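Engineer: You'll find start-v1.tsv just under this line, and it carries TSV, C-alpha atoms and all ligand atoms.
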```tsv
chain	number	residue	atom	x	y	z
Z	232	MET	CA	3.78	-17.66	-25.65
Z	233	ALA	CA	6.02	-14.58	-25.68
Z	234	PHE	CA	6.02	-12.27	-22.67
Z	235	LEU	CA	4.39	-9.19	-24.21
Z	236	GLN	CA	1.66	-11.19	-25.96
Z	237	GLN	CA	0.64	-12.74	-22.63
Z	238	VAL	CA	0.26	-9.28	-21.11
Z	239	LYS	CA	-1.73	-8.08	-24.14
Z	240	ASP	CA	-4.04	-11.08	-23.63
Z	241	GLY	CA	-4.72	-9.95	-20.05
Z	242	LYS	CA	-2.29	-12.33	-18.31
Z	243	PHE	CA	-0.37	-9.57	-16.56
Z	244	LEU	CA	0.28	-11.59	-13.40
Z	245	GLN	CA	1.16	-14.82	-15.22
Z	246	ALA	CA	3.72	-13.09	-17.46
Z	247	THR	CA	5.15	-11.08	-14.54
Z	248	LEU	CA	5.81	-14.23	-12.51
Z	249	ASP	CA	7.23	-16.31	-15.36
Z	250	LEU	CA	10.90	-15.49	-14.93
Z	251	SER	CA	11.84	-17.98	-17.68
Z	252	LEU	CA	10.40	-15.46	-20.17
Z	253	ALA	CA	12.63	-12.52	-21.02
Z	254	PHE	CA	11.03	-9.16	-20.28
Z	255	GLU	CA	9.78	-7.38	-23.37
Z	256	GLY	CA	8.49	-3.81	-23.09
Z	257	GLY	CA	5.99	-2.29	-25.49
Z	258	GLU	CA	3.07	0.04	-26.03
Z	259	TRP	CA	-0.27	-0.49	-27.68
Z	260	THR	CA	-3.88	0.68	-27.65
Z	261	VAL	CA	-6.62	-1.62	-26.34
Z	262	SER	CA	-10.17	-1.91	-27.74
Z	263	SER	CA	-11.56	0.73	-25.34
Z	264	GLY	CA	-9.06	3.25	-26.72
Z	265	ALA	CA	-6.90	3.27	-23.56
Z	266	HIS	CA	-3.17	3.33	-24.25
Z	267	CYS	CA	-1.01	0.76	-22.42
Z	268	GLN	CA	2.73	0.85	-21.85
Z	269	LEU	CA	4.58	-2.04	-20.25
Z	270	LEU	CA	7.49	-0.22	-18.58
Z	271	MET	CA	9.15	-3.04	-16.68
Z	272	ARG	CA	8.24	-6.50	-15.45
Z	273	GLY	CA	5.11	-5.97	-13.34
Z	274	VAL	CA	4.66	-2.27	-14.17
Z	275	LEU	CA	1.85	-1.32	-16.55
Z	276	GLN	CA	1.04	2.32	-17.31
Z	277	VAL	CA	-2.42	3.09	-18.69
Z	278	THR	CA	-3.52	6.39	-20.26
Z	279	PRO	CA	-7.21	7.04	-21.02
Z	280	ALA	CA	-8.18	7.66	-24.64
Z	281	ASP	CA	-9.29	11.25	-24.02
Z	282	LEU	CA	-7.38	13.37	-21.56
Z	283	ASN	CA	-9.18	16.56	-20.52
Z	284	GLY	CA	-6.73	17.81	-17.91
Z	285	ASN	CA	-8.93	16.79	-14.94
Z	286	GLU	CA	-7.53	13.29	-14.59
Z	287	LYS	CA	-5.97	11.88	-11.48
Z	288	ASP	CA	-2.61	10.06	-11.59
Z	289	ILE	CA	-3.29	6.86	-9.67
Z	290	VAL	CA	-0.65	4.31	-8.63
Z	291	LEU	CA	-2.09	0.97	-7.47
Z	292	SER	CA	0.69	-1.30	-6.23
Z	293	SER	CA	0.63	-4.85	-4.92
Z	294	GLY	CA	3.16	-7.56	-4.11
Z	295	VAL	CA	5.68	-5.32	-2.34
Z	296	HIS	CA	5.56	-8.20	0.13
Z	297	GLY	CA	5.60	-11.42	-1.86
Z	298	ASP	CA	3.35	-13.49	0.43
Z	299	GLU	CA	0.51	-10.93	0.53
Z	300	THR	CA	-1.45	-12.34	-2.38
Z	301	SER	CA	-5.01	-10.97	-2.26
Z	302	PRO	CA	-3.93	-7.47	-3.37
Z	303	ILE	CA	-2.02	-9.09	-6.25
Z	304	GLU	CA	-5.21	-10.87	-7.33
Z	305	LEU	CA	-7.13	-7.56	-7.20
Z	306	VAL	CA	-4.52	-5.76	-9.32
Z	307	GLN	CA	-4.48	-8.64	-11.81
Z	308	GLN	CA	-8.31	-8.50	-12.11
Z	309	LEU	CA	-8.17	-4.77	-12.73
Z	310	ALA	CA	-5.32	-5.04	-15.23
Z	311	GLU	CA	-7.09	-7.84	-17.10
Z	312	GLY	CA	-10.27	-5.77	-17.34
Z	313	VAL	CA	-8.33	-2.80	-18.71
Z	314	LEU	CA	-6.27	-4.93	-21.13
Z	315	LYS	CA	-9.41	-6.61	-22.50
Z	316	GLY	CA	-11.18	-3.26	-22.89
Z	317	ASP	CA	-13.90	-4.15	-20.33
Z	318	ILE	CA	-12.77	-1.58	-17.76
Z	319	ILE	CA	-12.43	1.91	-19.20
Z	320	PRO	CA	-10.15	4.06	-17.05
Z	321	ALA	CA	-10.99	7.74	-16.58
Z	322	HIS	CA	-7.55	8.46	-15.09
Z	323	ARG	CA	-3.88	7.75	-15.72
Z	324	LEU	CA	-2.93	4.53	-13.94
Z	325	LEU	CA	0.26	2.82	-12.90
Z	326	LEU	CA	-0.58	-0.79	-12.04
Z	327	ILE	CA	2.20	-2.60	-10.19
Z	328	ILE	CA	2.95	-6.20	-9.22
Z	329	ALA	CA	6.09	-5.24	-7.38
Z	330	HIS	CA	8.29	-8.17	-6.42
Z	331	PRO	CA	8.00	-11.25	-8.68
Z	332	GLU	CA	10.96	-13.04	-7.06
Z	333	ALA	CA	9.44	-12.80	-3.56
Z	334	ILE	CA	5.98	-13.74	-4.89
Z	335	ASN	CA	7.41	-16.85	-6.59
Z	336	ALA	CA	9.25	-17.75	-3.36
Z	337	HIS	CA	6.00	-17.23	-1.30
Z	338	THR	CA	7.93	-15.00	1.09
Z	339	ARG	CA	7.63	-11.45	2.41
Z	340	PHE	CA	11.03	-10.57	0.86
Z	341	ILE	CA	14.22	-12.23	-0.38
Z	342	ASP	CA	17.12	-10.57	1.50
Z	343	GLU	CA	15.63	-7.50	3.13
Z	344	ASN	CA	12.18	-6.02	3.60
Z	345	MET	CA	11.58	-4.06	0.38
Z	346	ASN	CA	9.01	-1.86	2.12
Z	347	ARG	CA	11.86	-0.30	4.10
Z	348	LEU	CA	13.83	0.63	0.96
Z	349	PHE	CA	11.92	3.67	-0.26
Z	350	LYS	CA	13.83	6.41	1.53
Z	351	GLY	CA	15.72	7.09	-1.67
Z	352	TYR	CA	18.19	5.41	-4.01
Z	353	ASN	CA	19.63	2.19	-2.55
Z	354	GLU	CA	23.05	0.70	-3.07
Z	355	GLU	CA	22.19	-2.26	-5.33
Z	356	ARG	CA	23.17	-5.17	-3.05
Z	357	ASN	CA	20.33	-7.63	-3.70
Z	358	ILE	CA	17.12	-8.14	-5.67
Z	359	ASP	CA	15.03	-6.23	-3.10
Z	360	SER	CA	17.16	-3.08	-3.36
Z	361	ILE	CA	17.39	-3.30	-7.17
Z	362	THR	CA	13.62	-3.67	-7.45
Z	363	ALA	CA	12.94	-0.82	-5.01
Z	364	ASN	CA	15.17	1.45	-7.12
Z	365	GLN	CA	13.34	0.48	-10.31
Z	366	LEU	CA	9.95	1.10	-8.70
Z	367	GLN	CA	11.03	4.51	-7.43
Z	368	GLN	CA	12.07	5.43	-10.96
Z	369	ALA	CA	8.82	4.16	-12.49
Z	370	VAL	CA	6.72	6.18	-10.02
Z	371	SER	CA	8.84	9.28	-10.56
Z	372	LEU	CA	8.45	9.10	-14.35
Z	373	PHE	CA	4.72	8.42	-13.99
Z	374	TYR	CA	4.05	11.51	-11.90
Z	375	ALA	CA	6.45	13.62	-14.01
Z	376	GLY	CA	4.55	12.64	-17.16
Z	377	SER	CA	1.39	14.44	-16.09
Z	378	THR	CA	0.11	17.98	-16.03
Z	379	ALA	CA	-2.44	17.22	-13.29
Z	380	ASN	CA	-2.39	19.05	-9.96
Z	381	THR	CA	-0.25	17.51	-7.23
Z	382	SER	CA	-3.46	16.99	-5.21
Z	383	ASP	CA	-4.70	14.65	-7.97
Z	384	ARG	CA	-1.80	12.24	-7.43
Z	385	TRP	CA	-2.88	9.10	-5.60
Z	386	HIS	CA	-1.04	5.98	-4.50
Z	387	LEU	CA	-2.71	3.02	-2.82
Z	388	ASP	CA	-0.06	0.45	-1.87
Z	389	LEU	CA	-2.07	-2.71	-1.26
Z	390	HIS	CA	-0.95	-5.14	1.45
Z	391	CYS	CA	-2.50	-7.57	3.89
Z	392	ALA	CA	-1.60	-8.24	7.49
Z	393	ILE	CA	0.44	-11.24	8.58
Z	394	ARG	CA	-1.58	-11.63	11.80
Z	395	ASP	CA	-5.17	-11.35	13.01
Z	396	SER	CA	-6.54	-7.87	13.41
Z	397	GLU	CA	-9.39	-6.29	15.33
Z	398	HIS	CA	-9.96	-4.25	12.15
Z	399	TYR	CA	-10.09	-6.57	9.13
Z	400	THR	CA	-9.20	-3.69	6.81
Z	401	PHE	CA	-7.31	-0.53	7.64
Z	402	ALA	CA	-5.14	2.13	6.05
Z	403	VAL	CA	-1.84	3.64	7.19
Z	404	SER	CA	-1.49	7.30	6.23
Z	405	PRO	CA	2.24	8.08	6.06
Z	406	TYR	CA	3.59	11.19	7.73
Z	407	SER	CA	4.49	14.12	5.49
Z	408	ASP	CA	4.57	17.90	5.79
Z	409	LYS	CA	2.75	17.98	2.45
Z	410	PRO	CA	-1.10	18.02	2.35
Z	411	THR	CA	-1.51	14.29	1.71
Z	412	ARG	CA	-4.61	13.63	3.84
Z	413	SER	CA	-7.38	15.21	1.80
Z	414	ASN	CA	-11.04	14.91	2.65
Z	415	ARG	CA	-11.48	13.18	-0.72
Z	416	LEU	CA	-9.01	10.47	0.29
Z	417	PHE	CA	-10.76	9.83	3.59
Z	418	ALA	CA	-14.18	9.93	1.89
Z	419	PHE	CA	-12.81	7.19	-0.38
Z	420	LEU	CA	-11.91	5.11	2.69
Z	421	GLN	CA	-15.44	5.53	4.02
Z	422	HIS	CA	-17.02	4.49	0.73
Z	423	ALA	CA	-14.66	1.52	0.56
Z	424	GLU	CA	-15.88	0.57	4.08
Z	425	ILE	CA	-12.32	0.47	5.37
Z	426	GLU	CA	-12.65	0.00	9.10
Z	427	ALA	CA	-9.82	2.17	10.39
Z	428	ALA	CA	-7.11	4.64	9.44
Z	429	LEU	CA	-3.79	5.19	11.24
Z	430	LEU	CA	-2.20	8.61	10.99
Z	431	SER	CA	1.58	8.19	11.21
Z	432	ASN	CA	3.50	10.84	13.13
Z	433	SER	CA	7.00	10.36	11.71
Z	434	PRO	CA	8.61	9.54	8.34
Z	435	SER	CA	8.92	5.87	7.39
Z	436	PRO	CA	10.87	4.37	4.47
Z	437	THR	CA	7.77	2.74	2.93
Z	438	PHE	CA	6.48	2.86	-0.67
Z	439	SER	CA	3.42	4.95	0.26
Z	440	TRP	CA	5.55	7.37	2.30
Z	441	HIS	CA	7.85	7.79	-0.73
Z	442	SER	CA	4.94	8.92	-2.94
Z	443	ALA	CA	3.57	11.22	-0.23
Z	444	GLU	CA	6.89	12.78	0.69
Z	445	TYR	CA	8.52	13.20	-2.72
Z	446	PHE	CA	5.45	13.68	-4.92
Z	447	GLY	CA	2.79	15.03	-2.54
Z	448	ALA	CA	0.53	12.09	-3.44
Z	449	GLN	CA	-2.59	11.13	-1.51
Z	450	ALA	CA	-0.87	7.93	-0.46
Z	451	LEU	CA	-1.88	5.07	1.82
Z	452	THR	CA	-0.67	1.63	2.74
Z	453	MET	CA	-3.88	-0.41	2.61
Z	454	GLU	CA	-4.08	-3.50	4.85
Z	455	LEU	CA	-6.68	-5.77	3.27
Z	456	GLY	CA	-7.40	-8.78	5.46
Z	457	LYS	CA	-4.91	-11.48	6.32
Z	458	VAL	CA	-2.24	-13.24	4.23
Z	459	ALA	CA	-3.17	-16.45	2.43
Z	460	GLN	CA	-1.87	-18.40	-0.57
Z	461	PHE	CA	-3.04	-17.64	-4.10
Z	462	GLY	CA	-6.47	-19.16	-4.63
Z	463	GLU	CA	-7.20	-19.26	-0.89
Z	464	ASN	CA	-8.12	-15.60	-0.48
Z	465	ASP	CA	-11.68	-14.69	0.43
Z	466	LEU	CA	-12.03	-11.85	-2.09
Z	467	GLU	CA	-15.74	-11.55	-1.16
Z	468	ARG	CA	-14.64	-9.86	2.07
Z	469	LEU	CA	-12.81	-7.28	-0.06
Z	470	ALA	CA	-15.67	-6.81	-2.54
Z	471	VAL	CA	-16.70	-3.36	-1.25
Z	472	PHE	CA	-13.11	-2.14	-1.31
Z	473	ASN	CA	-12.65	-3.57	-4.80
Z	474	ALA	CA	-15.81	-1.84	-6.03
Z	475	ALA	CA	-14.61	1.47	-4.56
Z	476	MET	CA	-11.21	1.02	-6.23
Z	477	LEU	CA	-12.94	0.34	-9.54
Z	478	ALA	CA	-15.05	3.49	-9.11
Z	479	LEU	CA	-11.90	5.47	-8.29
Z	480	VAL	CA	-10.37	4.30	-11.56
Z	481	THR	CA	-13.41	4.63	-13.83
Z	482	GLU	CA	-15.45	7.57	-12.44
Z	483	PRO	CA	-14.29	11.10	-13.25
Z	484	GLU	CA	-15.03	12.19	-9.67
Z	485	LEU	CA	-16.09	10.35	-6.52
Z	486	PRO	CA	-18.81	11.45	-4.10
Z	487	MET	CA	-17.49	13.43	-1.16
Z	488	LEU	CA	-20.50	12.71	1.05
Z	489	TRP	CA	-19.86	11.15	4.41
Z	490	GLU	CA	-22.04	8.37	5.71
Z	491	GLY	CA	-21.77	8.55	9.46
Z	492	ASP	CA	-18.69	7.74	11.44
Z	493	LYS	CA	-17.90	4.16	10.45
Z	494	LEU	CA	-14.18	4.86	9.97
Z	495	SER	CA	-12.22	4.66	13.23
Z	496	VAL	CA	-9.21	6.96	13.17
Z	497	TYR	CA	-6.09	6.36	15.24
Z	498	LYS	CA	-2.99	8.45	15.64
Z	499	VAL	CA	0.37	6.79	16.08
Z	500	THR	CA	1.68	7.71	19.51
Z	501	ARG	CA	5.01	5.88	19.30
Z	502	THR	CA	7.08	3.73	16.99
Z	503	LEU	CA	9.15	1.18	18.92
Z	504	VAL	CA	12.41	0.49	17.11
Z	505	LYS	CA	14.41	-2.67	17.77
Z	506	GLN	CA	17.82	-1.40	18.93
Z	507	THR	CA	19.45	-4.64	20.15
Z	508	ASP	CA	18.93	-8.39	19.99
Z	509	THR	CA	17.53	-8.30	23.52
Z	510	PHE	CA	14.34	-6.56	22.28
Z	511	TYR	CA	11.22	-8.39	23.52
Z	512	PHE	CA	7.46	-8.09	23.85
Z	513	THR	CA	5.51	-9.33	26.86
Z	514	PHE	CA	2.85	-10.71	24.49
Z	515	PRO	CA	3.12	-13.34	21.73
Z	516	ALA	CA	4.55	-12.33	18.35
Z	517	ASN	CA	1.21	-13.19	16.71
Z	518	GLN	CA	-0.76	-10.80	18.93
Z	519	ALA	CA	-3.67	-9.36	16.91
Z	520	ASN	CA	-3.31	-5.86	15.48
Z	521	PHE	CA	-5.10	-3.20	17.58
Z	522	THR	CA	-4.92	-5.21	20.82
Z	523	TYR	CA	-5.49	-2.64	23.56
Z	524	PHE	CA	-3.27	-2.38	26.65
Z	525	GLU	CA	-4.35	-0.35	29.66
Z	526	GLN	CA	-2.19	2.48	30.96
Z	527	GLY	CA	0.91	1.29	32.82
Z	528	LYS	CA	1.00	-2.21	31.30
Z	529	LEU	CA	4.53	-3.43	30.50
Z	530	LEU	CA	4.58	-4.00	26.73
Z	531	GLY	CA	8.20	-5.00	26.21
Z	532	GLY	CA	11.74	-3.79	26.45
Z	533	ASP	CA	15.18	-3.50	24.96
Z	534	GLU	CA	18.67	-3.10	26.42
Z	535	GLY	CA	18.32	-0.70	29.36
Z	536	VAL	CA	14.72	0.29	28.62
Z	537	GLU	CA	11.20	-0.92	29.42
Z	538	TYR	CA	8.15	0.19	27.45
Z	539	PHE	CA	4.90	0.80	29.36
Z	540	SER	CA	1.53	1.73	27.89
Z	541	LEU	CA	0.98	5.50	28.16
Z	542	GLU	CA	-1.85	7.47	29.77
Z	543	GLY	CA	-5.24	6.40	28.44
Z	544	GLY	CA	-3.78	3.10	27.20
Z	545	GLU	CA	-2.40	2.22	23.76
Z	546	SER	CA	-3.09	-0.37	21.08
Z	547	VAL	CA	-0.35	-2.29	19.30
Z	548	VAL	CA	-0.13	-2.62	15.50
Z	549	PHE	CA	2.35	-4.70	13.43
Z	550	PRO	CA	4.20	-6.15	16.46
Z	551	ASN	CA	7.24	-8.03	15.20
Z	552	PRO	CA	10.21	-8.66	17.50
Z	553	ASN	CA	12.09	-10.41	14.66
Z	554	VAL	CA	12.72	-7.37	12.47
Z	555	ALA	CA	16.29	-6.31	11.62
Z	556	LEU	CA	18.08	-4.02	14.10
Z	557	GLY	CA	17.13	-0.37	13.60
Z	558	GLN	CA	13.74	-1.28	12.16
Z	559	ARG	CA	10.23	-0.72	13.48
Z	560	ALA	CA	9.16	-3.48	15.88
Z	561	CYS	CA	5.61	-2.09	16.29
Z	562	LEU	CA	3.43	0.97	16.17
Z	563	LEU	CA	1.55	2.10	19.27
Z	564	VAL	CA	-1.68	3.92	18.50
Z	565	LYS	CA	-4.60	5.68	20.16
Z	566	LYS	CA	-8.09	6.38	18.87
Z	567	THR	CA	-8.56	10.03	18.02
Z	568	ASP	CA	-11.08	12.58	16.78
Z	569	VAL	CA	-10.30	14.21	13.48
Z	570	ASN	CA	-11.37	17.36	11.71
Z	571	PHE	CA	-12.59	16.55	8.24
Z	572	GLY	CA	-11.90	19.73	6.33
Z	573	GLU	CA	-9.90	20.03	3.12
Z	574	GLN	CA	-7.05	18.26	4.91
Z	575	VAL	CA	-7.65	15.72	7.65
Z	576	SER	CA	-6.07	16.85	10.89
Z	577	VAL	CA	-5.80	15.30	14.32
Z	578	LYS	CA	-7.49	16.97	17.29
Z	601	LIG	O1	0.90	-7.55	9.59
Z	601	LIG	C1	2.03	-7.08	9.70
Z	601	LIG	O2	2.66	-7.15	10.77
Z	601	LIG	C2	2.73	-6.40	8.57
Z	601	LIG	C3	1.85	-5.98	7.44
Z	601	LIG	C4	2.63	-5.03	6.56
Z	601	LIG	O3	3.34	-5.46	5.70
Z	601	LIG	N1	2.52	-3.74	6.87
Z	601	LIG	C5	3.26	-2.73	6.19
Z	601	LIG	C6	2.84	-1.38	6.72
Z	601	LIG	C7	3.58	-0.25	6.04
Z	601	LIG	C8	3.26	1.12	6.62
Z	601	LIG	O4	3.49	1.33	7.81
Z	601	LIG	O5	2.81	1.99	5.86
Z	601	LIG	C9	4.74	-2.95	6.45
Z	601	LIG	O6	5.10	-3.35	7.57
Z	601	LIG	O7	5.53	-2.72	5.54
Z	602	ZN	ZN	2.87	-5.94	3.55
```
Give the structure from this file in C-alpha cells form.
Ligand SMILES: O=C(O)CCC(=O)N[C@@H](CCC(=O)O)C(=O)O
Ligand SMILES: [Zn+2]
Structural biologist:
Amino acid sequence: MAFLQQVKDGKFLQATLDLSLAFEGGEWTVSSGAHCQLLMRGVLQVTPADLNGNEKDIVLSSGVHGDETSPIELVQQLAEGVLKGDIIPAHRLLLIIAHPEAINAHTRFIDENMNRLFKGYNEERNIDSITANQLQQAVSLFYAGSTANTSDRWHLDLHCAIRDSEHYTFAVSPYSDKPTRSNRLFAFLQHAEIEAALLSNSPSPTFSWHSAEYFGAQALTMELGKVAQFGENDLERLAVFNAAMLALVTEPELPMLWEGDKLSVYKVTRTLVKQTDTFYFTFPANQANFTYFEQGKLLGGDEGVEYFSLEGGESVVFPNPNVALGQRACLLVKKTDVNFGEQVSVK
C-alpha cells in the first residue's frame, strides 16, 4: 500500500519505518473534523476543527534515540486515535517519530547522538545531522504557524533511560533564560505521576532545550522507564502518564491543583564533560540513575582532575563514560525545594 494511504489508515509508525516506500506528503481532514498534514517522514501536524485562539501548540516527539521504543509506541497510539477520528484534539499538535533509520537499526543513533545536534543548523555530514536539521525546521514552522501565546507552546520529547533508575519516570527541564518552567507544566508532571524533575543549570544541545531556548516552549525531556524492544514494553507502567498526555491533548485546560508533594525536584549541580580518553568513573557504567554518593566520595576523573562528591552529597544521572569527547558524561544533582508560583524557581 502507498505511503500516504498507510498513514491515513492510522499506520503512522509502520509507514514511517518502511524506508522502501517513497515519502509522500499530503493534507486531509479526518472524520472528527481535525485537519492532518504529513510534513515529512515521521512528522504529522494536526489542527483541531475549530480554533478559538486559546489553543496550545504541543509538540510530542519520540524516537530521537532509535532504541527507546515505548515512547514511539505511545506516539503511534495517539496518532492512530487522531487519524481514525477517535481522539479529538483540542490543540494544535506536532506528532514526531524522529529517527526512522536508528529505529530500524535498533540503535541509539547511526553516526552521532542526534540529541546533541539541536544547538542550531548542522553541517549535513550524516543521517543524524540531516534529520536534526529537518526536525528543527518542522518545529520552527509549527510554532510560527500559530497565533497562540508563547506560554502556550509545549514540547514533550519522550525518551526512556538506558539503565535502571531510582525514579522510574522523570523529566529533565532544560535551562533557559525564558520562562519555560510554568506552574501549569509542573502541575502536569504531578498529574502524570512523574516521580522526579531535574532542573538543568546550563544550556544543552538537546531537542527539548532547542524548543525552550528558541521558542520559549514549556519543554521537557521525559524519561519514561527503561529501554526495551518493540512489543516488550510494559506500557501499563506508563498508563497514568499516557492518560495525562491524552488529557493534555484533548482537554481545553488542565487542572492546576496540586496533590501533595509526590514530585521530587532536583537541581543539576554539575555537568561532567568527557575531555580526554582517560575519563573514568569509579562505579560501573550501568550504575542506576539517581544513585547517591556521600560528600567527599571520589566519583571519577579525567586527565589532571579528580571529581569528588560535593557538600551534602550528590546523585548521578545518565553516567556514560563512552560518550564522544566534549560531550556530557553525567549530570550530578541534588534534591531541592522549589517555589511553585507562576514560574518554578529553585530555592
Ligand atoms: O539513560 C541514559 O543514560 C540516557 C537517556 C537519554 O537519552 N537521556 C537524554 C536526556 C536529554 C536531556 O538531558 O534533556 C539524553 O541523554 O539525550
Ligand atoms: Zn533518549
Engineer: Mind dumping a table of every chain Z residue within 9 Å of ligand LIG 601 (chain Z), with the nearest atom pair and its distance in Å to one decimal, using only C-alpha atoms and all ligand atoms, sorted by chain and rising number, as a tab-separated table?
Structural biologist:
```
residue	atom	partner	partner_atom	distance
Z:Val295	CA	Z:LIG601	O7	8.3
Z:His296	CA	Z:LIG601	O3	6.6
Z:Glu299	CA	Z:LIG601	O3	8.0
Z:Arg339	CA	Z:LIG601	O3	8.1
Z:Asn344	CA	Z:LIG601	O7	7.7
Z:Met345	CA	Z:LIG601	O7	8.1
Z:Asn346	CA	Z:LIG601	O7	5.0
Z:Arg347	CA	Z:LIG601	O7	6.9
Z:Asp388	CA	Z:LIG601	O5	8.4
Z:His390	CA	Z:LIG601	O3	6.0
Z:Cys391	CA	Z:LIG601	C3	5.8
Z:Ala392	CA	Z:LIG601	O1	3.3
Z:Ile393	CA	Z:LIG601	O1	3.9
Z:Arg394	CA	Z:LIG601	O1	5.3
Z:Asp395	CA	Z:LIG601	O1	7.9
Z:Ser396	CA	Z:LIG601	O1	8.4
Z:Ala402	CA	Z:LIG601	O5	8.0
Z:Val403	CA	Z:LIG601	O5	5.1
Z:Ser404	CA	Z:LIG601	O5	6.8
Z:Pro405	CA	Z:LIG601	O5	6.1
Z:Leu429	CA	Z:LIG601	O4	8.9
Z:Ser431	CA	Z:LIG601	O4	7.9
Z:Ser435	CA	Z:LIG601	O4	7.1
Z:Pro436	CA	Z:LIG601	O5	8.5
Z:Thr437	CA	Z:LIG601	O5	5.8
Z:Phe438	CA	Z:LIG601	O5	7.5
Z:Ser439	CA	Z:LIG601	O5	6.4
Z:Trp440	CA	Z:LIG601	O5	7.0
Z:Leu451	CA	Z:LIG601	O5	6.9
Z:Thr452	CA	Z:LIG601	O5	4.7
Z:Met453	CA	Z:LIG601	O5	7.8
Z:Glu454	CA	Z:LIG601	N1	6.9
Z:Lys457	CA	Z:LIG601	O1	7.7
Z:Val458	CA	Z:LIG601	O1	8.4
Z:Asn517	CA	Z:LIG601	O2	8.6
Z:Ala519	CA	Z:LIG601	O1	8.8
Z:Asn520	CA	Z:LIG601	O1	7.4
Z:Val548	CA	Z:LIG601	O2	7.1
Z:Phe549	CA	Z:LIG601	O2	3.6
Z:Pro550	CA	Z:LIG601	O2	6.0
Z:Asn551	CA	Z:LIG601	O2	6.4
Z:Arg559	CA	Z:LIG601	O6	8.3
Z:Cys561	CA	Z:LIG601	O2	8.0
Z:Leu562	CA	Z:LIG601	O4	8.4
```
Engineer: Find, counting only C-alpha atoms, the residue in Z:Glu354, Z:Gln518, Z:Gly557, Z:Thr507 that gets nearest to Gly535 in chain Z.
Structural biologist: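 Nearest to Gly535 in chain Z: Z:Thr507.
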Engineer: To one decimal in Å, tell me the separation between CA of Leu430 in chain Z and CA of Glu286 in chain Z.
Structural biologist: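 Computing the Euclidean distance for CA of Leu430 in chain Z and CA of Glu286 in chain Z yields 26.5 Å.
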Engineer: One number please: CA of Gly531 in chain Z to CA of Tyr511 in chain Z, in Å, one decimal.
Structural biologist: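 Spanning CA of Gly531 in chain Z to CA of Tyr511 in chain Z is a straight-line distance of 5.3 Å.
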Engineer: One decimal, in Å: what's the spacing between CA of Asp533 in chain Z and CA of Thr509 in chain Z?
Structural biologist: 5.5 Å
Engineer: Within 9 Å of Lys565 in chain Z, counting all atoms listed in the file, which residues qualify if same-chain residues fewer than 5 places away don't, as a ChimeraX atom specification?
Structural biologist: /Z:429,496-500,543-546
Engineer: Would you list the contacts of Gln574 in chain Z as a list in words, taking every protein, DNA or RNA residue within 6 Å and counting only C-alpha atoms, but skipping same-chain residues closer than 5 positions in sequence?
Structural biologist: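 My reading of the contact set: Arg412, Ser413 and Asn414 of chain Z.
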Engineer: Smallest atom-to-atom distance to Tyr445 in chain Z: which of Z:Glu424, Z:Ser433, Z:Tyr374, Z:Ser301, using all atoms listed in the file?
Structural biologist: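 Checking each of Z:Glu424, Z:Ser433, Z:Tyr374, Z:Ser301 against Tyr445 in chain Z, counting all atoms listed in the file, the winner is Z:Tyr374.
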Engineer: Excluding Phe243 in chain Z and its own-chain neighbours fewer than 6 positions away, which residues fall within 10 Å of it when counting only C-alpha atoms? Please give them as a PyMOL selection string.
Structural biologist: chain Z and resi 234-237+269+272-275+306-311+314+326-328
Engineer: Grab the residues selected above and save them as a PDB file, in the frame of the given file with C-alpha atoms.
Structural biologist:
```
ATOM      1  CA  PHE Z 234       6.020 -12.270 -22.670  1.00  0.00           C
ATOM      2  CA  LEU Z 235       4.390  -9.190 -24.210  1.00  0.00           C
ATOM      3  CA  GLN Z 236       1.660 -11.190 -25.960  1.00  0.00           C
ATOM      4  CA  GLN Z 237       0.640 -12.740 -22.630  1.00  0.00           C
ATOM      5  CA  LEU Z 269       4.580  -2.040 -20.250  1.00  0.00           C
ATOM      6  CA  ARG Z 272       8.240  -6.500 -15.450  1.00  0.00           C
ATOM      7  CA  GLY Z 273       5.110  -5.970 -13.340  1.00  0.00           C
ATOM      8  CA  VAL Z 274       4.660  -2.270 -14.170  1.00  0.00           C
ATOM      9  CA  LEU Z 275       1.850  -1.320 -16.550  1.00  0.00           C
ATOM     10  CA  VAL Z 306      -4.520  -5.760  -9.320  1.00  0.00           C
ATOM     11  CA  GLN Z 307      -4.480  -8.640 -11.810  1.00  0.00           C
ATOM     12  CA  GLN Z 308      -8.310  -8.500 -12.110  1.00  0.00           C
ATOM     13  CA  LEU Z 309      -8.170  -4.770 -12.730  1.00  0.00           C
ATOM     14  CA  ALA Z 310      -5.320  -5.040 -15.230  1.00  0.00           C
ATOM     15  CA  GLU Z 311      -7.090  -7.840 -17.100  1.00  0.00           C
ATOM     16  CA  LEU Z 314      -6.270  -4.930 -21.130  1.00  0.00           C
ATOM     17  CA  LEU Z 326      -0.580  -0.790 -12.040  1.00  0.00           C
ATOM     18  CA  ILE Z 327       2.200  -2.600 -10.190  1.00  0.00           C
ATOM     19  CA  ILE Z 328       2.950  -6.200  -9.220  1.00  0.00           C
TER      20      ILE Z 328
END
```
Engineer: Identify, on the basis of all atoms listed in the file, every residue whose closest approach to Ile303 in chain Z does not exceed 8 Å; exclude the query and any residue fewer than 6 positions from it along the same chain; express the result as a PyMOL selection string.
Structural biologist: chain Z and resi 244+293-294+328
